[in-house]
>>> print(open('run36.cif').read())   # mmCIF, C-alpha atoms
data_input
#
loop_
_atom_site.label_atom_id
_atom_site.label_comp_id
_atom_site.auth_asym_id
_atom_site.auth_seq_id
_atom_site.Cartn_x
_atom_site.Cartn_y
_atom_site.Cartn_z
CA MET A 1 55.47 9.95 53.20
CA VAL A 2 52.14 9.42 51.47
CA GLN A 3 52.19 9.79 47.71
CA GLN A 4 49.13 11.33 46.12
CA LEU A 5 48.01 9.44 43.02
CA ILE A 6 47.04 11.66 40.13
CA PRO A 7 44.20 10.12 38.13
CA PRO A 8 44.88 9.79 34.41
CA GLU A 9 43.47 12.53 32.27
CA ILE A 10 40.22 11.50 30.65
CA LYS A 11 39.84 12.94 27.20
CA PRO A 12 36.31 14.01 26.35
CA GLU A 13 34.58 11.93 23.72
CA ILE A 14 34.44 13.61 20.34
CA ILE A 15 30.99 13.64 18.79
CA TYR A 16 30.84 13.43 15.02
CA PRO A 17 27.34 14.55 14.00
CA ASP A 18 25.48 12.42 11.49
CA SER A 19 23.86 15.50 9.98
CA ASP A 20 25.19 18.87 8.88
CA GLY A 21 21.74 20.45 9.04
CA ASN A 22 21.54 20.91 5.27
CA PRO A 23 18.80 19.31 3.17
CA MET A 24 19.67 16.41 0.88
CA SER A 25 18.51 18.45 -2.11
CA ASP A 26 17.13 21.87 -2.95
CA ASN A 27 14.53 20.75 -5.48
CA THR A 28 12.83 17.71 -6.95
CA LYS A 29 15.04 17.56 -10.03
CA GLN A 30 18.22 17.42 -7.94
CA TYR A 31 16.73 14.82 -5.62
CA GLU A 32 15.61 12.60 -8.51
CA TRP A 33 19.11 12.60 -9.99
CA ILE A 34 20.73 11.79 -6.66
CA VAL A 35 18.38 8.84 -6.16
CA LYS A 36 18.73 7.68 -9.77
CA ILE A 37 22.53 7.56 -9.67
CA LYS A 38 22.73 6.09 -6.18
CA GLU A 39 20.13 3.35 -6.73
CA ASN A 40 21.46 2.29 -10.14
CA LEU A 41 24.96 2.05 -8.69
CA GLU A 42 23.50 -0.08 -5.89
CA ILE A 43 22.03 -2.37 -8.56
CA LEU A 44 25.30 -2.45 -10.51
CA PHE A 45 27.39 -3.43 -7.50
CA ALA A 46 24.81 -5.56 -5.70
CA PRO A 47 26.92 -8.73 -6.28
CA ASN A 48 29.99 -7.04 -4.74
CA ASP A 49 30.01 -7.23 -0.95
CA ASP A 50 33.03 -4.93 -0.72
CA VAL A 51 31.55 -1.88 -2.48
CA PHE A 52 29.85 0.66 -0.21
CA ILE A 53 27.54 3.26 -1.80
CA ALA A 54 25.83 6.12 0.00
CA GLY A 55 23.83 9.25 -0.72
CA ASP A 56 24.21 12.46 1.28
CA LEU A 57 26.31 10.76 3.96
CA LEU A 58 28.77 12.83 5.97
CA TRP A 59 32.36 11.80 5.33
CA TYR A 60 34.94 12.56 8.04
CA PRO A 61 38.42 11.93 6.64
CA VAL A 62 40.42 13.03 9.70
CA GLU A 63 40.00 11.66 13.20
CA GLY A 64 39.55 14.39 15.77
CA SER A 65 38.52 17.04 13.23
CA VAL A 66 34.75 17.44 13.40
CA LYS A 67 34.70 20.36 10.97
CA THR A 68 36.68 18.54 8.29
CA ARG A 69 33.82 16.90 6.44
CA GLN A 70 31.74 16.76 3.30
CA ALA A 71 28.44 15.10 2.40
CA PRO A 72 28.69 14.10 -1.28
CA ASP A 73 25.39 13.63 -3.05
CA VAL A 74 26.60 10.14 -3.97
CA MET A 75 29.84 8.43 -3.03
CA VAL A 76 31.29 5.03 -3.87
CA VAL A 77 33.90 3.27 -1.75
CA PHE A 78 35.67 0.17 -3.05
CA GLY A 79 37.13 -2.10 -0.42
CA ARG A 80 34.54 -1.47 2.30
CA PRO A 81 31.57 -3.68 3.18
CA LYS A 82 27.98 -2.73 2.59
CA GLY A 83 25.91 -1.82 5.62
CA ASP A 84 24.30 1.00 7.56
CA ARG A 85 26.38 3.91 8.79
CA GLY A 86 25.48 7.15 10.52
CA SER A 87 28.50 8.74 8.86
CA TYR A 88 31.63 7.59 7.10
CA LYS A 89 34.54 7.91 9.54
CA GLN A 90 37.53 7.09 7.40
CA TRP A 91 39.84 5.99 10.25
CA GLN A 92 37.28 3.29 11.09
CA GLU A 93 37.18 2.12 7.47
CA ASN A 94 40.80 1.00 7.03
CA ASN A 95 41.50 4.63 6.13
CA ILE A 96 39.96 4.09 2.67
CA PRO A 97 38.46 7.29 1.19
CA PRO A 98 35.58 7.33 -1.29
CA GLN A 99 37.10 6.81 -4.72
CA VAL A 100 34.17 8.20 -6.73
CA VAL A 101 31.96 11.16 -5.86
CA PHE A 102 28.93 12.70 -7.61
CA GLU A 103 27.46 16.14 -7.01
CA ILE A 104 24.17 17.30 -8.55
CA LEU A 105 24.03 21.07 -8.82
CA SER A 106 21.10 23.18 -7.74
CA PRO A 107 20.54 26.95 -8.07
CA GLY A 108 21.75 27.31 -4.48
CA ASN A 109 25.27 26.05 -5.20
CA THR A 110 27.88 28.79 -5.56
CA THR A 111 31.15 28.78 -7.50
CA LYS A 112 33.08 29.33 -4.28
CA GLU A 113 31.36 26.39 -2.61
CA MET A 114 32.10 24.06 -5.52
CA ALA A 115 35.74 25.19 -5.67
CA LYS A 116 36.12 24.30 -1.98
CA LYS A 117 34.64 20.89 -2.63
CA ILE A 118 37.07 20.17 -5.46
CA LEU A 119 40.01 21.07 -3.23
CA PHE A 120 38.58 18.95 -0.41
CA TYR A 121 38.11 15.89 -2.61
CA GLN A 122 41.53 16.35 -4.16
CA ARG A 123 43.22 16.63 -0.78
CA TYR A 124 41.56 13.55 0.68
CA GLY A 125 42.03 11.15 -2.18
CA VAL A 126 38.93 11.08 -4.40
CA GLU A 127 39.92 9.53 -7.73
CA GLU A 128 36.89 10.54 -9.81
CA TYR A 129 34.60 13.51 -9.28
CA TYR A 130 31.51 14.19 -11.41
CA ILE A 131 29.35 17.31 -11.29
CA TYR A 132 26.04 17.44 -13.16
CA ASN A 133 23.80 20.45 -13.65
CA PRO A 134 20.35 19.13 -14.65
CA ASP A 135 19.10 22.62 -15.49
CA THR A 136 21.75 23.30 -18.14
CA ILE A 137 22.47 19.61 -18.92
CA GLU A 138 26.17 20.15 -18.28
CA LEU A 139 28.42 17.38 -16.97
CA THR A 140 31.90 18.11 -15.66
CA GLY A 141 34.29 15.40 -14.66
CA PHE A 142 37.63 15.32 -12.87
CA ILE A 143 40.10 12.46 -12.55
CA LEU A 144 43.03 12.21 -10.16
CA GLU A 145 46.39 12.49 -11.87
CA GLN A 146 49.56 12.89 -9.82
CA GLU A 147 47.58 13.94 -6.72
CA CYS A 148 45.61 16.58 -8.64
CA LEU A 149 42.03 16.37 -9.88
CA GLU A 150 42.34 17.24 -13.56
CA ALA A 151 39.32 18.14 -15.70
CA ILE A 152 38.25 15.51 -18.24
CA GLU A 153 38.45 17.29 -21.59
CA ASP A 154 35.90 15.19 -23.52
CA ILE A 155 33.26 13.96 -21.08
CA ASN A 156 30.74 12.85 -23.72
CA ASN A 157 30.86 9.03 -23.98
CA TRP A 158 33.44 9.00 -21.20
CA VAL A 159 33.74 5.66 -19.38
CA SER A 160 34.51 5.81 -15.67
CA PRO A 161 37.72 3.85 -14.94
CA ARG A 162 36.41 2.78 -11.53
CA LEU A 163 32.71 2.22 -12.24
CA ASP A 164 32.93 1.17 -15.90
CA ILE A 165 29.76 3.18 -16.63
CA ARG A 166 29.42 5.45 -19.67
CA PHE A 167 28.13 9.03 -19.74
CA LYS A 168 26.32 10.29 -22.83
CA LEU A 169 25.08 13.86 -23.23
CA THR A 170 22.11 14.41 -25.51
CA ALA A 171 20.36 17.64 -26.49
CA ASP A 172 17.97 17.43 -23.55
CA ASN A 173 19.39 14.97 -21.04
CA LEU A 174 22.28 13.07 -19.51
CA GLU A 175 22.19 9.34 -20.10
CA ILE A 176 24.27 6.90 -18.07
CA TYR A 177 24.86 3.35 -19.25
CA TYR A 178 25.77 0.14 -17.45
CA PRO A 179 28.85 -1.81 -18.60
CA HIS A 180 26.51 -4.23 -20.42
CA GLY A 181 24.86 -1.35 -22.29
CA GLY A 182 21.60 -0.95 -20.35
CA LYS A 183 20.59 2.57 -19.36
CA PHE A 184 20.28 3.96 -15.83
CA LEU A 185 16.54 4.24 -15.12
CA THR A 186 14.43 5.97 -12.51
CA SER A 187 12.53 3.90 -9.96
CA VAL A 188 9.32 4.45 -11.95
CA GLU A 189 10.99 3.30 -15.17
CA LEU A 190 12.48 0.29 -13.39
CA ASN A 191 9.03 -0.62 -12.07
CA GLN A 192 7.49 -0.22 -15.51
CA ARG A 193 10.17 -2.47 -16.98
CA ALA A 194 9.59 -5.03 -14.23
CA GLU A 195 5.84 -4.91 -14.93
CA LYS A 196 6.44 -5.47 -18.64
CA GLU A 197 8.77 -8.37 -17.89
CA TYR A 198 6.16 -9.84 -15.54
CA GLN A 199 3.41 -9.47 -18.14
CA ARG A 200 5.67 -11.01 -20.79
CA ALA A 201 6.43 -13.92 -18.48
CA GLU A 202 2.72 -14.34 -17.77
CA GLN A 203 1.94 -14.36 -21.49
CA GLU A 204 4.70 -16.89 -22.12
CA GLN A 205 3.31 -19.07 -19.35
CA GLN A 206 -0.20 -18.80 -20.81
CA ARG A 207 1.12 -19.69 -24.27
CA ALA A 208 3.00 -22.66 -22.81
CA GLU A 209 -0.15 -23.77 -21.01
CA GLN A 210 -2.20 -23.43 -24.20
CA GLU A 211 0.40 -25.45 -26.12
CA LYS A 212 0.30 -28.08 -23.41
CA GLN A 213 -3.51 -28.22 -23.59
CA ARG A 214 -3.38 -28.38 -27.40
CA ALA A 215 -0.85 -31.22 -27.27
CA GLU A 216 -3.02 -33.03 -24.72
CA GLN A 217 -6.07 -32.59 -26.93
CA GLU A 218 -4.13 -33.92 -29.95
CA LYS A 219 -3.03 -36.91 -27.90
CA GLN A 220 -6.57 -37.56 -26.75
CA ARG A 221 -7.81 -37.27 -30.35
CA ALA A 222 -5.12 -39.67 -31.57
CA ASP A 223 -5.92 -42.08 -28.74
CA GLN A 224 -9.61 -41.92 -29.58
CA GLU A 225 -8.93 -42.53 -33.30
CA HIS A 226 -6.75 -45.51 -32.40
CA LYS A 227 -9.48 -46.85 -30.11
CA ASN A 228 -12.08 -46.37 -32.83
CA TYR A 229 -9.86 -48.26 -35.27
CA GLN A 230 -9.36 -51.11 -32.82
CA ASP A 231 -13.12 -51.24 -32.16
CA LEU A 232 -13.75 -51.40 -35.90
CA LEU A 233 -11.28 -54.27 -36.29
CA ALA A 234 -12.96 -56.08 -33.42
CA LYS A 235 -16.41 -55.67 -34.97
CA LEU A 236 -15.17 -56.87 -38.37
CA ALA A 237 -13.41 -59.83 -36.77
CA ALA A 238 -16.64 -60.72 -35.00
CA LYS A 239 -18.27 -60.92 -38.43
CA GLY A 240 -15.46 -63.08 -39.76
CA ILE A 241 -13.87 -60.33 -41.79
CA ASP A 242 -10.04 -60.07 -41.69
CA LEU A 243 -8.75 -56.86 -43.27
CA ASN A 244 -5.33 -58.45 -43.78
CA ASN A 245 -6.87 -60.99 -46.20
CA LEU A 246 -8.78 -58.43 -48.25
#
>>> encode(input="run36.cif", output="structure tokens")
Amino acid sequence: MVQQLIPPEIKPEIIYPDSDGNPMSDNTKQYEWIVKIKENLEILFAPNDDVFIAGDLLWYPVEGSVKTRQAPDVMVVFGRPKGDRGSYKQWQENNIPPQVVFEILSPGNTTKEMAKKILFYQRYGVEEYYIYNPDTIELTGFILEQECLEAIEDINNWVSPRLDIRFKLTADNLEIYYPHGGKFLTSVELNQRAEKEYQRAEQEQQRAEQEKQRAEQEKQRADQEHKNYQDLLAKLAAKGIDLNNL
């Protein structure tokens, strides 16, 4: 009797798209804030190899579920290495979810959409969630307490437990401060500061060079005066005059 071998069932490969088809931002103001927060966080955690930061990257928390996903404007993951990713597949990242998420509101965001996001982030383990509306200068924060994202009552001057950055609301802007007290800056402001530091360093170098030249000139003058004195002594000695006996 010949047994017929049944080939093992081959499961089709699941494709997790790297894009959801939505733009990163709806307007320039939203985009500028996304870049500002993301890039300053990159600067803050540059020395830490195990802090991954991304902007508008699709996060898939559940293996096999292509539709279970979000693309936070900015997300921070502690415990994962830096590096390029097409998307953040949590099961490939030691099952570590983003701990901190930022969303920058635009006129296109709806209340229903934002409510769904809060529930999503709460369900999949986000510890801190910040929503900023640059048009109304309103900042809302949530922190995970007993598996629920609870609203932060007093967000002004709030310090993020995970990031150690401070949020300050003014009459016309949101200011974010590094742990050492420096302010989050745009790329233009960072470049301007770098230019000022470069010019200051150049001026200091020029001053140091001028001081060096001045010291060299003083030395040359002193050497010349000493030489002149020695020449005078030699001339007087040639005439039989000894200053020590005068």
>>> resolve_selection(input="run36.cif", expression="the PyMOL selection byres ((chain A and resi 105) around 8)", output="VMD selection string")
chain A and resid 30 103 to 104 106 to 109 131 to 134
>>> write_last_selection(input="run36.cif", atoms="C-alpha atoms", output="PDB file, keeping the file's coordinate frame")
ATOM      1  CA  GLN A  30      18.220  17.420  -7.940  1.00  0.00           C
ATOM      2  CA  GLU A 103      27.460  16.140  -7.010  1.00  0.00           C
ATOM      3  CA  ILE A 104      24.170  17.300  -8.550  1.00  0.00           C
ATOM      4  CA  SER A 106      21.100  23.180  -7.740  1.00  0.00           C
ATOM      5  CA  PRO A 107      20.540  26.950  -8.070  1.00  0.00           C
ATOM      6  CA  GLY A 108      21.750  27.310  -4.480  1.00  0.00           C
ATOM      7  CA  ASN A 109      25.270  26.050  -5.200  1.00  0.00           C
ATOM      8  CA  ILE A 131      29.350  17.310 -11.290  1.00  0.00           C
ATOM      9  CA  TYR A 132      26.040  17.440 -13.160  1.00  0.00           C
ATOM     10  CA  ASN A 133      23.800  20.450 -13.650  1.00  0.00           C
ATOM     11  CA  PRO A 134      20.350  19.130 -14.650  1.00  0.00           C
TER      12      PRO A 134
END
>>> resolve_selection(input="run36.cif", expression="the PyMOL selection byres ((chain A and resi 17) around 10)", output="ChimeraX atom specification")
/A:14-16,18-21,58,60,66-67,86-87
>>> atom_distance(input="run36.cif", atom1="CA of Val76 (chain A)", atom2="CA of Gln90 (chain A)")
13.0 Å
>>> closest_residue(input="run36.cif", among="A:Phe52, A:Phe45, A:Trp33, A:Tyr121", to="Gln70 (chain A)", atoms="only C-alpha atoms")
A:Tyr121
>>> closest_residue(input="run36.cif", among="A:Ile137, A:Met114, A:Leu190, A:Val51", to="Pro72 (chain A)", atoms="only C-alpha atoms")
A:Met114
>>> closest_residue(input="run36.cif", among="A:Gln122, A:Thr110, A:Gln210, A:Thr186", to="Tyr31 (chain A)", atoms="only C-alpha atoms")
A:Thr186
>>> closest_residue(input="run36.cif", among="A:Glu63, A:Asp135, A:Glu204, A:Asp49", to="Thr28 (chain A)", atoms="all atoms listed in the file")
A:Asp135
>>> residues_around(input="run36.cif", residues="Thr68 (chain A)", least_positions_apart="5", cutoff="9 Å", atoms="only C-alpha atoms", output="PyMOL selection string")
chain A and resi 59-62+120
>>> write_last_selection(input="run36.cif", atoms="C-alpha atoms", output="PDB file, in the frame of the given file")
ATOM      1  CA  TRP A  59      32.360  11.800   5.330  1.00  0.00           C
ATOM      2  CA  TYR A  60      34.940  12.560   8.040  1.00  0.00           C
ATOM      3  CA  PRO A  61      38.420  11.930   6.640  1.00  0.00           C
ATOM      4  CA  VAL A  62      40.420  13.030   9.700  1.00  0.00           C
ATOM      5  CA  PHE A 120      38.580  18.950  -0.410  1.00  0.00           C
TER       6      PHE A 120
END
>>> atom_distance(input="run36.cif", atom1="CA of Thr170 (chain A)", atom2="CA of Gly141 (chain A)")
16.3 Å
>>> resolve_selection(input="run36.cif", expression="the PyMOL selection byres ((chain A and resi 181) around 12)", output="list in words")
Leu44, Val159, Asp164, Ile165, Arg166, Phe167, Lys168, Glu175, Ile176, Tyr177, Tyr178, Pro179, His180, Gly182, Lys183 and Phe184 of chain A
>>> atom_distance(input="run36.cif", atom1="CA of Met75 (chain A)", atom2="CA of Pro97 (chain A)")
9.7 Å
>>> residues_around(input="run36.cif", residues="Asn48 (chain A)", least_positions_apart="2", cutoff="12 Å", atoms="all atoms listed in the file", output="ChimeraX atom specification")
/A:41-46,50-53,77-82
>>> closest_residue(input="run36.cif", among="A:Gln99, A:Asn173, A:Asn22, A:Thr140", to="Leu57 (chain A)", atoms="only C-alpha atoms")
A:Asn22
